[in-house]
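Undergrad: Please find one structure pasted underneath; my questions will follow.
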Amino acid sequence: MVLHFDILRTVWPALLRGTLVTVELTAAVLVLATPLGILVAELRSIPNAAVRITLGILSGIFRGIPPLLILFFVFFGLPSLGITLESLPSAIVGMTAYMAFYFGEVFRAGLESVPEGQWRAAEALGLSKGRTMFRIILPQTIPAALPPFISHATEVLKGSALAAAVAVPELTHAAKQVFVVTYRPFEILIAAGAIYAVLDSALLVLQLYGERWAARHRAVR
Amino acid sequence: MIDMTAPDKHPRSMVEVTGLRKTFGSLVALDGVDLSVDAGQVVAIIGASGSGKSTLLRCINYLDPPDSGDVWVNGHLMGIVEGASSVRRAKDRELRRHRADVGMVFQHFNLFPHFTVLQNIIEAPMAVRGVTKAEAIATARELLAAVGLAGKEGSYPSHLSGGQQQRVAIARALAMKPRVMLFDEPTSALDPELVGEVLRVMRDLAENGMTMLVVTHEMAFAEEVADTLVYFDKGKIIETGSPAEMMRNPQHARTQAFLQRLLRRG
Ligand SMILES: Nc1ncnc2c1ncn2[C@@H]1O[C@H](COP(=O)(O)OP(=O)(O)OP(=O)(O)O)[C@@H](O)[C@H]1O
Ligand SMILES: [Mg+2]
């Protein structure tokens with residue numbers, strides 16, 4: 001078998017367009033699902049049992065059914081309710097919906113790793129709840145929450161390939177489109193894999209940066 | 001600060017607690033506590049584990065709002081806002097401002113581990129009192145010098161001994177310029193050789209006229225520094241008096257038993 005990697009010289013614009021869509025989709029989901037995850041984690045720790053139980057059940061459902069089903073539901077199902085979204089927005093909404101609950105679990109564990117006394121000390125000093133959360137508590141969750149956060153973020157990146165099923169022209173979809181016309185699936189899929197690997201390492205750099213920050217600030221106990 | 005007081009009810013003491021009651025479910029943690037502390041006075045509070053000492057301190061600064069009873073600090077009724085014609089519970093923001101008058105020091109220091117010593121001290125004055133960063137830093141340096149930690153501004157808490165951490169925690173509370181300081185077993189988590197340096201700082205503070213409520217089992221400190229000793233039992237104050245007098249001659253049988261156990265152990 002002879003490999004012809006020079007095929008990439010003709011198909012790279014298509015792969016690049018796919019890469020940009022993948023990055024866009026992943027970034028949008030991370031930017032939306034992270035604060036929602038923090039919110040879910042916070043709501044799951046409040047005294048109101050109805051809220052806690054409802055969120056617990058929703059969390060189980062969203063993390064328990066296939067992500068593809070959720071994407072189909074948003075793209076094909078919601079129009080029945082009069083909500084019609086384009087493919088990319090529907091993929092963003094669908095993935096954000098289940099990732100918010102995965103991140104909710106991550107941040108819940110992170111918040112539980114911070115001793116109760118930190119809240120009490122901040123409260124005794126008169127700091128507001130919001131300020132306490134963002135200045136005192138969340139930074140201390142970094143050592144516990146960062147590694148699972150990054151591994152979930154990697155899942156988002158990989159999972160973005162599912163969006164092809166609702167016609168989002170992301171990287172995997174783009175790769176397939178070009179290999180079916182060029183008949184060079186081997187080279188093109190290796191190239192696409194290499195691009196995913198590069199994007200994965202960007203997330204790992206983020207993790208290293210966060211861990212260095214935490215170590216510098218002695219948040220590691 | 002909002003004036004929350006009607007002049008006719010204005011108590012003279014710095015801290016005035018009346019009829020304080022606090023329950024957790026069916027458990028009565030505070031069962032009608034009355035206590036009055038004049039400005040500049042030091043009150044030492046002793047009592048068995050679970051008798052409600054921490055709960056009392058936490059009710060005084062409304063970390064745990066009491067079920068009933070009043071807490072006056074410096075003439076202001078904690079947790080209540082009195083308008084021209086109505087009395088209502090303070091909103092969170094108002095409560096935070098009431099609380100800023102009361103400093104609190106915890107058994108386990110509770111310093112913010114990701115902040116330097118300096119950041120630990122300046123955070124609340126800047127956020128709650130609205131002082132400028134320069135002012136906050138100047139105050140922090142003075143306080144650090146006063147607690148014997150000049151030059152430690154840039155250290156992280158994990159690099160300090162327990163005694164040093166507790167002194168930073170005291171400086172952090174003082175940076176809010178409180179009128180009253182509450183100490184909840186401030187030396188119980190310390191190695192014996194580090195207790196003295198913290199008690200020394202507390203003694204200085206008392207000598208400089210700070211009003212203090214100190215839950216402690218350091219009887220030598222209580223005898224030397226406190227004006228009043230309070231014995232707590234099952235959510236009630238059952239004996240109160242001058243420390244020397246009470247230690248020598250406790251009136252109540254439970255106080256006698258408790259002090260005997262304490263002195264034998266210590
Ligand atoms: N948040 C809470 N929820 C439920 N029960 C509580 C809570 N805080 C305190 N209690 C209970 O109230 C009672 C008084 O507790 P408190 O901590 O005030 O005692 P203490 O005198 O400070 O004891 P110690 O010497 O052990 O610190 C105890 O029985 C305790 O279990
Ligand atoms: Mg206690």
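Going by the structure tokens order, chains are called A, B, ..., each with residues numbered from 1, while ligands are numbered from 1 in the order shown.
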Could the residues of chain B within 9 Å of chain A, counting only C-alpha atoms, be given as number ranges by chain, please?

TA: B: 58, 61-63, 92-93, 95-100, 102-106, 108-116, 123-125, 127-128, 156-159, 172-173, 176

Undergrad: If you run DSSP on the backbone, which residues of segment 6-229 of chain B are strand (DSSP E), as a VMD selection string?

TA: chain B and resid 15 to 24 27 to 37 42 to 47 68 to 73 76 to 77 80 to 82 87 to 89 102 to 105 180 to 184 211 to 215 228 to 229

Undergrad: Dump the neighbourhood of ligand 1 as a ChimeraX atom specification: all residues within 10 Å, distances computed on only C-alpha atoms and all ligand atoms.

TA: /B:22-30,45-59,64,107,184-185,188,215-217,232-235

Undergrad: Quick one: residues within 9 Å of segment 179-194 of chain A, only C-alpha atoms counted, chain neighbours fewer than 5 positions away excluded, as a list in words?

TA: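 The residues satisfying every condition are Leu3, His4, Phe5, Ile7, Leu8, Val11, Leu15, Thr19, Leu171, Thr172, Ala174 and Leu199 of chain A.
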
Undergrad: Out of B:Met202, B:Ile80, B:Ala189, B:Met247, which residue has the shortest atom-to-atom distance to ligand 2 when counting only C-alpha atoms and all ligand atoms?

TA: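 The closest residue to ligand 2 is B:Ala189.
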
Undergrad: So what do you get for atom CA of Glu245 of chain B versus atom CA of Leu35 of chain B, distance-wise?

TA: 18.8 Å

Undergrad: Could you jot down the atom CA of Leu263 of chain B to atom CA of Arg248 of chain B separation for me, Å, one decimal place?

TA: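 Those two atoms sit 11.3 Å apart.
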
Undergrad: Interatomic distance between atom CA of Lys236 of chain B and atom CA of Met181 of chain B?

TA: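 Answer for the atom CA of Lys236 of chain B to atom CA of Met181 of chain B separation: 21.3 Å.
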
Undergrad: For Thr141 of chain A, work out the shell of residues within 9 Å, counting only C-alpha atoms and skipping chain neighbours fewer than 5 positions away, then give it as a PyMOL selection string.

TA: chain A and resi 107+109-114+146+219

Undergrad: Using only C-alpha atoms, which protein or nucleic acid residues come within 7 Å of Asp101 of chain B? Drop anything in the same chain fewer than 3 positions from it, and give the result as a list of chain:residue names.

TA: B:His98, B:Pro178, B:Arg179, B:Val180

Undergrad: Include N, CA, C and O atoms and write out the residues we just selected as a PDB file, in the first residue's frame.

TA:
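Result file is part_39.pdb:
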ATOM      1  N   HIS B  98     -23.770  45.111  59.949  1.00  0.00           N
ATOM      2  CA  HIS B  98     -23.817  44.952  61.408  1.00  0.00           C
ATOM      3  C   HIS B  98     -22.663  44.068  61.861  1.00  0.00           C
ATOM      4  O   HIS B  98     -22.014  44.320  62.858  1.00  0.00           O
ATOM      5  N   PRO B 178     -13.231  46.264  64.354  1.00  0.00           N
ATOM      6  CA  PRO B 178     -14.438  45.860  65.090  1.00  0.00           C
ATOM      7  C   PRO B 178     -14.494  46.528  66.458  1.00  0.00           C
ATOM      8  O   PRO B 178     -13.466  46.967  66.977  1.00  0.00           O
ATOM      9  N   ARG B 179     -15.685  46.600  67.016  1.00  0.00           N
ATOM     10  CA  ARG B 179     -15.843  47.141  68.370  1.00  0.00           C
ATOM     11  C   ARG B 179     -15.738  46.039  69.405  1.00  0.00           C
ATOM     12  O   ARG B 179     -15.513  46.291  70.575  1.00  0.00           O
ATOM     13  N   VAL B 180     -15.945  44.797  68.940  1.00  0.00           N
ATOM     14  CA  VAL B 180     -15.956  43.637  69.830  1.00  0.00           C
ATOM     15  C   VAL B 180     -15.210  42.513  69.132  1.00  0.00           C
ATOM     16  O   VAL B 180     -15.314  42.362  67.918  1.00  0.00           O
TER      17      VAL B 180
END

Undergrad: Identify, with DSSP run on backbone atoms, the residues in segment 1-156 of chain A assigned to alpha helix (DSSP H), and express the list as a VMD selection string.

TA: chain A and resid 8 to 43 49 to 64 67 to 72 87 to 112 116 to 124 129 to 131 138 to 156

Undergrad: Fewer than 4 positions away in the same chain doesn't count, so skip those; otherwise give me all residues within 8 Å of Ala100 of chain A, counting only C-alpha atoms, as a compact mmCIF listing (two decimals) with all heavy atoms, in the first residue's frame.

TA:
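Once everything was written out, this is part-v5.txt:
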# COMPACT_ATOMS: atom_id res chain seq x y z
N ALA A 33 -21.43 25.85 29.50
CA ALA A 33 -21.72 24.77 30.46
C ALA A 33 -20.94 24.95 31.77
O ALA A 33 -21.38 24.46 32.80
CB ALA A 33 -21.41 23.40 29.84
N THR A 34 -19.81 25.66 31.73
CA THR A 34 -19.04 25.83 32.96
C THR A 34 -19.80 26.64 34.02
O THR A 34 -20.01 26.16 35.13
CB THR A 34 -17.66 26.46 32.66
OG1 THR A 34 -16.98 25.63 31.73
CG2 THR A 34 -16.83 26.58 33.93
N LEU A 36 -22.95 27.24 34.09
CA LEU A 36 -24.17 26.50 34.43
C LEU A 36 -23.85 25.36 35.38
O LEU A 36 -24.62 25.06 36.30
CB LEU A 36 -24.83 25.95 33.15
CG LEU A 36 -25.58 26.99 32.31
CD1 LEU A 36 -26.08 26.36 31.01
CD2 LEU A 36 -26.76 27.56 33.10
N GLY A 37 -22.71 24.73 35.16
CA GLY A 37 -22.28 23.64 36.05
C GLY A 37 -22.07 24.14 37.47
O GLY A 37 -22.46 23.50 38.44
N VAL A 40 -25.47 24.67 38.90
CA VAL A 40 -26.08 23.38 39.29
C VAL A 40 -25.49 22.90 40.61
O VAL A 40 -26.21 22.50 41.53
CB VAL A 40 -25.88 22.32 38.18
CG1 VAL A 40 -26.22 20.93 38.70
CG2 VAL A 40 -26.72 22.65 36.96
N THR A 96 -24.54 21.55 25.66
CA THR A 96 -24.48 22.34 26.89
C THR A 96 -25.42 21.72 27.93
O THR A 96 -25.09 21.64 29.12
CB THR A 96 -24.88 23.80 26.62
OG1 THR A 96 -23.94 24.35 25.70
CG2 THR A 96 -24.86 24.61 27.91
N GLY A 104 -21.62 20.03 36.74
CA GLY A 104 -22.25 20.18 38.05
C GLY A 104 -21.66 19.20 39.05
O GLY A 104 -21.36 19.54 40.18
